[in-house]
file final-v3.cif (mmCIF, C-alpha atoms)
data_query
#
loop_
_atom_site.group_PDB
_atom_site.id
_atom_site.type_symbol
_atom_site.label_atom_id
_atom_site.label_comp_id
_atom_site.auth_asym_id
_atom_site.auth_seq_id
_atom_site.Cartn_x
_atom_site.Cartn_y
_atom_site.Cartn_z
ATOM 1 C CA MET P 1 3.974 0.327 28.084
ATOM 2 C CA ILE P 2 4.191 0.567 24.305
ATOM 3 C CA LEU P 3 4.177 4.183 23.154
ATOM 4 C CA GLY P 4 4.625 3.684 19.428
ATOM 5 C CA ILE P 5 5.200 1.075 16.735
ATOM 6 C CA GLY P 6 6.304 1.436 13.147
ATOM 7 C CA THR P 7 7.244 -0.764 10.255
ATOM 8 C CA ASP P 8 8.583 -0.197 6.769
ATOM 9 C CA ILE P 9 9.668 -2.189 3.739
ATOM 10 C CA ALA P 10 12.175 -1.049 1.133
ATOM 11 C CA GLU P 11 12.984 -2.434 -2.284
ATOM 12 C CA VAL P 12 16.697 -3.320 -2.238
ATOM 13 C CA PRO P 13 17.477 -2.814 -5.967
ATOM 14 C CA ARG P 14 16.302 0.813 -5.674
ATOM 15 C CA PHE P 15 19.375 1.519 -3.543
ATOM 16 C CA LYS P 16 21.847 0.700 -6.323
ATOM 17 C CA LYS P 17 21.592 4.330 -7.495
ATOM 18 C CA TRP P 18 22.189 5.502 -3.934
ATOM 19 C CA VAL P 19 25.248 3.303 -3.423
ATOM 20 C CA GLN P 20 26.746 4.571 -6.650
ATOM 21 C CA ASN P 21 26.104 8.203 -5.679
ATOM 22 C CA PRO P 22 28.017 9.255 -2.537
ATOM 23 C CA VAL P 23 25.988 12.497 -2.376
ATOM 24 C CA LEU P 24 22.821 10.502 -1.635
ATOM 25 C CA ILE P 25 24.576 8.361 0.963
ATOM 26 C CA ASP P 26 25.910 11.518 2.652
ATOM 27 C CA ARG P 27 22.443 13.055 2.594
ATOM 28 C CA PHE P 28 20.632 10.190 4.314
ATOM 29 C CA PHE P 29 23.176 8.312 6.442
ATOM 30 C CA ASN P 30 25.607 9.334 9.169
ATOM 31 C CA GLU P 31 29.226 8.184 9.431
ATOM 32 C CA CYS P 32 28.423 5.313 11.808
ATOM 33 C CA GLU P 33 26.083 3.751 9.256
ATOM 34 C CA ARG P 34 28.461 3.638 6.320
ATOM 35 C CA PHE P 35 28.979 0.329 4.537
ATOM 36 C CA SER P 36 32.453 -0.901 5.387
ATOM 37 C CA GLY P 37 32.919 -3.460 2.616
ATOM 38 C CA ASN P 38 34.303 -3.069 -0.874
ATOM 39 C CA LEU P 39 31.558 -1.564 -3.042
ATOM 40 C CA GLU P 40 33.029 -3.009 -6.237
ATOM 41 C CA ARG P 41 32.870 -6.568 -4.914
ATOM 42 C CA ALA P 42 29.781 -6.347 -2.756
ATOM 43 C CA LEU P 43 27.307 -4.055 -4.491
ATOM 44 C CA SER P 44 24.287 -6.186 -3.554
ATOM 45 C CA ALA P 45 25.419 -6.366 0.098
ATOM 46 C CA ALA P 46 25.807 -2.575 0.165
ATOM 47 C CA CYS P 47 22.318 -2.148 -1.299
ATOM 48 C CA GLU P 48 20.861 -4.443 1.393
ATOM 49 C CA HIS P 49 22.849 -2.578 4.063
ATOM 50 C CA TYR P 50 21.450 0.823 3.116
ATOM 51 C CA ALA P 51 17.937 -0.401 2.274
ATOM 52 C CA VAL P 52 17.393 -1.975 5.695
ATOM 53 C CA ARG P 53 18.794 1.081 7.475
ATOM 54 C CA PHE P 54 16.548 3.398 5.493
ATOM 55 C CA ALA P 55 13.570 1.155 6.305
ATOM 56 C CA ALA P 56 14.545 1.459 9.989
ATOM 57 C CA LYS P 57 14.566 5.260 9.741
ATOM 58 C CA GLU P 58 11.093 5.184 8.175
ATOM 59 C CA ALA P 59 9.819 2.733 10.800
ATOM 60 C CA PHE P 60 11.214 4.926 13.600
ATOM 61 C CA SER P 61 9.516 8.026 12.199
ATOM 62 C CA LYS P 62 6.217 6.112 12.140
ATOM 63 C CA ALA P 63 6.673 4.835 15.698
ATOM 64 C CA LEU P 64 7.449 8.378 16.796
ATOM 65 C CA GLY P 65 4.161 9.420 15.199
ATOM 66 C CA THR P 66 5.538 12.448 13.384
ATOM 67 C CA GLY P 67 6.910 11.088 10.151
ATOM 68 C CA PHE P 68 10.104 12.895 9.231
ATOM 69 C CA VAL P 69 8.775 16.286 10.367
ATOM 70 C CA GLY P 70 11.421 17.831 12.606
ATOM 71 C CA LEU P 71 13.890 14.979 12.038
ATOM 72 C CA GLU P 72 17.159 14.974 10.132
ATOM 73 C CA LEU P 73 17.944 11.590 8.622
ATOM 74 C CA LYS P 74 21.652 11.886 9.415
ATOM 75 C CA ASP P 75 20.909 12.651 13.084
ATOM 76 C CA PHE P 76 19.833 9.078 13.864
ATOM 77 C CA GLY P 77 20.652 5.679 12.523
ATOM 78 C CA ILE P 78 21.436 2.027 13.038
ATOM 79 C CA VAL P 79 24.651 0.549 14.395
ATOM 80 C CA LYS P 80 25.405 -2.921 15.720
ATOM 81 C CA ASN P 81 26.078 -3.328 19.419
ATOM 82 C CA GLU P 82 28.919 -5.480 20.779
ATOM 83 C CA GLU P 83 26.771 -8.609 20.317
ATOM 84 C CA GLY P 84 25.916 -7.736 16.714
ATOM 85 C CA LYS P 85 22.324 -6.679 17.482
ATOM 86 C CA PRO P 86 21.115 -3.599 15.616
ATOM 87 C CA ASP P 87 20.493 -0.559 17.807
ATOM 88 C CA PHE P 88 19.536 3.019 17.131
ATOM 89 C CA ILE P 89 21.895 5.867 17.830
ATOM 90 C CA PHE P 90 20.377 9.311 18.257
ATOM 91 C CA GLY P 91 21.914 12.691 17.762
ATOM 92 C CA GLU P 92 20.937 15.607 19.965
ATOM 93 C CA LYS P 93 18.054 16.812 17.763
ATOM 94 C CA THR P 94 16.434 13.398 17.471
ATOM 95 C CA GLN P 95 16.894 12.647 21.170
ATOM 96 C CA CYS P 96 15.201 15.958 22.020
ATOM 97 C CA LYS P 97 12.287 15.098 19.704
ATOM 98 C CA LEU P 98 11.961 11.660 21.320
ATOM 99 C CA ASP P 99 12.082 13.161 24.841
ATOM 100 C CA GLU P 100 9.602 15.892 23.884
ATOM 101 C CA ARG P 101 7.169 13.351 22.504
ATOM 102 C CA PHE P 102 7.412 10.591 25.136
ATOM 103 C CA GLY P 103 9.514 11.879 28.027
ATOM 104 C CA LYS P 104 12.916 10.671 29.167
ATOM 105 C CA ASN P 105 14.082 7.076 29.538
ATOM 106 C CA VAL P 106 12.187 5.432 26.694
ATOM 107 C CA ARG P 107 13.555 2.335 25.035
ATOM 108 C CA VAL P 108 13.598 1.960 21.269
ATOM 109 C CA HIS P 109 13.692 -1.586 19.928
ATOM 110 C CA VAL P 110 14.413 -2.401 16.301
ATOM 111 C CA SER P 111 14.291 -5.588 14.271
ATOM 112 C CA LEU P 112 15.783 -5.724 10.770
ATOM 113 C CA SER P 113 15.588 -8.295 8.014
ATOM 114 C CA HIS P 114 16.490 -8.369 4.365
ATOM 115 C CA GLU P 115 16.218 -10.722 1.468
ATOM 116 C CA LYS P 116 17.492 -10.371 -2.073
ATOM 117 C CA SER P 117 14.834 -7.868 -3.166
ATOM 118 C CA TYR P 118 13.346 -6.479 0.049
ATOM 119 C CA ALA P 119 14.407 -5.079 3.395
ATOM 120 C CA VAL P 120 12.052 -4.662 6.337
ATOM 121 C CA ALA P 121 12.315 -2.967 9.717
ATOM 122 C CA PHE P 122 10.071 -2.979 12.773
ATOM 123 C CA VAL P 123 10.389 -0.476 15.620
ATOM 124 C CA VAL P 124 8.781 -0.407 19.070
ATOM 125 C CA ILE P 125 9.102 2.528 21.464
ATOM 126 C CA GLU P 126 8.338 1.644 25.072
ATOM 127 C CA LYS P 127 8.546 3.075 28.551
#

call {"tool": "encode", "arguments": {"input": "final-v3.cif", "output": "structure tokens"}}
result
Amino acid sequence: MILGIGTDIAEVPRFKKWVQNPVLIDRFFNECERFSGNLERALSAACEHYAVRFAAKEAFSKALGTGFVGLELKDFGIVKNEEGKPDFIFGEKTQCKLDERFGKNVRVHVSLSHEKSYAVAFVVIEK
């Protein structure tokens, strides 16, 4: 049964300021989400990387039905599993919020896509 859905779109060029300001990256993204490439060589790739992950955070908050109320952006994020598929990771606070809202053993699906100027994420929470 689907418990929540959310989607979000982000403008990739907007994240250039973020990529060039480590304080903003630290504020919104956890260690597991950090861009691993060379920022000097791959600025556009870094912008896409962070834009699509931020869109995923927004989409998750919409699927949860609470917005960012009670959530800390660094307490959840996107990593790739062993097959390269994006998956959410949840810290204790976010997992508690998810359990409180929908009960234990829910599955959170995420789909990400980005193009030169836009990044989009779609999230489904199911039980």

call {"tool": "closest_residue", "arguments": {"input": "final-v3.cif", "among": "P:Ala63, P:Leu112, P:Val123, P:Val52", "to": "Gly84 of chain P", "atoms": "only C-alpha atoms"}}
result
P:Leu112

call {"tool": "atom_distance", "arguments": {"input": "final-v3.cif", "atom1": "atom CA of Phe76 of chain P", "atom2": "atom CA of Arg41 of chain P"}}
result
27.7 Å

call {"tool": "resolve_selection", "arguments": {"input": "final-v3.cif", "expression": "the PyMOL selection byres ((chain P and resi 89-105) around 7)", "output": "list in words"}}
result
Leu71, Asp75, Phe76, Gly77, Ile78, Val79, Asp87, Phe88, Val106, Arg107 and Lys127 of chain P

call {"tool": "atom_distance", "arguments": {"input": "final-v3.cif", "atom1": "atom CA of Lys74 of chain P", "atom2": "atom CA of Asp26 of chain P"}}
result
8.0 Å

call {"tool": "closest_residue", "arguments": {"input": "final-v3.cif", "among": "P:Val120, P:Met1, P:Asp8, P:Gln20", "to": "Gly67 of chain P", "atoms": "only C-alpha atoms"}}
result
P:Asp8

call {"tool": "axis_aligned_box", "arguments": {"input": "final-v3.cif", "around": "segment 25-35 of chain P", "padding_each_side": "4 Å", "output": "lines of an AutoDock Vina configuration file"}}
result
center_x = 24.9
center_y = 6.7
center_z = 6.4
size_x = 16.6
size_y = 20.7
size_z = 18.8

call {"tool": "residues_around", "arguments": {"input": "final-v3.cif", "residues": "Phe68 of chain P", "least_positions_apart": "4", "cutoff": "9 Å", "atoms": "only C-alpha atoms", "output": "ChimeraX atom specification"}}
result
/P:57-58,61-62,72-73

call {"tool": "atom_distance", "arguments": {"input": "final-v3.cif", "atom1": "atom CA of Leu3 of chain P", "atom2": "atom CA of Val108 of chain P"}}
result
9.9 Å

call {"tool": "residues_around", "arguments": {"input": "final-v3.cif", "residues": "His114 of chain P", "least_positions_apart": "4", "cutoff": "12 Å", "atoms": "only C-alpha atoms", "output": "MDAnalysis selection string"}}
result
chainID P and resid 8:13 44:56 118:122

call {"tool": "closest_residue", "arguments": {"input": "final-v3.cif", "among": "P:Ile125, P:Phe60, P:Thr66, P:Lys116", "to": "Leu43 of chain P", "atoms": "only C-alpha atoms"}}
result
P:Lys116

call {"tool": "decode", "arguments": {"input": "final-v3.cif", "residues": "segment 22-113 of chain P", "atoms": "C-alpha atoms", "output": "short mmCIF file (atom, residue, chain, number, x, y, z; two decimals), in the first residue's frame"}}
result
data_model
loop_
_atom_site.label_atom_id
_atom_site.label_comp_id
_atom_site.auth_asym_id
_atom_site.auth_seq_id
_atom_site.Cartn_x
_atom_site.Cartn_y
_atom_site.Cartn_z
CA PRO P 22 31.66 24.26 2.04
CA VAL P 23 29.56 25.75 4.87
CA LEU P 24 26.39 25.25 2.81
CA ILE P 25 27.38 21.72 1.83
CA ASP P 26 28.04 20.90 5.51
CA ARG P 27 24.69 22.39 6.48
CA PHE P 28 22.56 20.36 4.08
CA PHE P 29 24.43 17.12 3.31
CA ASN P 30 25.91 14.36 5.44
CA GLU P 31 29.33 12.77 4.92
CA CYS P 32 27.96 9.87 2.85
CA GLU P 33 26.54 12.28 0.28
CA ARG P 34 29.68 14.26 -0.43
CA PHE P 35 30.82 14.62 -4.03
CA SER P 36 33.93 12.51 -4.47
CA GLY P 37 35.28 14.03 -7.68
CA ASN P 38 37.62 16.95 -8.21
CA LEU P 39 35.58 20.14 -7.83
CA GLU P 40 37.98 22.15 -9.99
CA ARG P 41 37.57 19.80 -12.95
CA ALA P 42 33.98 18.75 -12.48
CA LEU P 43 32.04 21.75 -11.19
CA SER P 44 28.96 20.99 -13.30
CA ALA P 45 28.97 17.33 -12.18
CA ALA P 46 29.18 18.44 -8.54
CA CYS P 47 26.27 20.83 -9.06
CA GLU P 48 24.17 18.01 -10.57
CA HIS P 49 25.21 15.70 -7.72
CA TYR P 50 24.03 18.07 -5.00
CA ALA P 51 20.97 19.36 -6.88
CA VAL P 52 19.50 15.88 -7.37
CA ARG P 53 20.20 14.93 -3.75
CA PHE P 54 18.56 18.09 -2.48
CA ALA P 55 15.55 17.40 -4.74
CA ALA P 56 15.39 13.91 -3.17
CA LYS P 57 15.34 15.41 0.33
CA GLU P 58 12.49 17.72 -0.69
CA ALA P 59 10.59 14.87 -2.35
CA PHE P 60 11.02 12.70 0.77
CA SER P 61 9.70 15.46 3.03
CA LYS P 62 6.63 15.75 0.78
CA ALA P 63 6.07 11.99 0.74
CA LEU P 64 6.35 11.98 4.52
CA GLY P 65 3.65 14.65 4.57
CA THR P 66 5.39 16.94 7.04
CA GLY P 67 7.70 19.04 4.93
CA PHE P 68 10.96 19.62 6.77
CA VAL P 69 9.23 20.09 10.14
CA GLY P 70 11.04 17.88 12.64
CA LEU P 71 13.67 16.78 10.10
CA GLU P 72 17.35 17.63 9.94
CA LEU P 73 18.67 17.65 6.38
CA LYS P 74 21.97 16.04 7.40
CA ASP P 75 20.15 13.19 9.16
CA PHE P 76 19.02 11.57 5.90
CA GLY P 77 20.32 11.42 2.39
CA ILE P 78 21.05 9.52 -0.78
CA VAL P 79 23.77 6.94 -1.33
CA LYS P 80 24.23 4.37 -4.08
CA ASN P 81 23.79 0.72 -3.22
CA GLU P 82 26.18 -1.99 -4.45
CA GLU P 83 24.38 -2.06 -7.82
CA GLY P 84 24.60 1.72 -8.24
CA LYS P 85 20.90 2.34 -7.47
CA PRO P 86 20.19 5.38 -5.32
CA ASP P 87 18.84 4.59 -1.86
CA PHE P 88 17.99 6.66 1.18
CA ILE P 89 19.93 6.36 4.38
CA PHE P 90 18.23 7.53 7.56
CA GLY P 91 19.73 8.70 10.79
CA GLU P 92 18.04 7.96 14.09
CA LYS P 93 15.89 11.12 14.16
CA THR P 94 14.55 10.66 10.64
CA GLN P 95 13.93 6.95 11.15
CA CYS P 96 11.94 7.74 14.30
CA LYS P 97 9.87 10.32 12.39
CA LEU P 98 9.21 7.79 9.61
CA ASP P 99 8.23 5.09 12.14
CA GLU P 100 6.05 7.53 14.08
CA ARG P 101 4.22 8.57 10.94
CA PHE P 102 3.78 5.20 9.20
CA GLY P 103 4.89 2.46 11.58
CA LYS P 104 7.84 0.12 11.25
CA ASN P 105 8.98 -1.74 8.14
CA VAL P 106 8.07 0.79 5.45
CA ARG P 107 9.97 0.88 2.20
CA VAL P 108 11.14 4.14 0.68
CA HIS P 109 11.75 4.14 -3.06
CA VAL P 110 13.54 6.95 -4.86
CA SER P 111 14.14 7.74 -8.51
CA LEU P 112 16.60 10.47 -9.53
CA SER P 113 17.32 12.14 -12.83
#
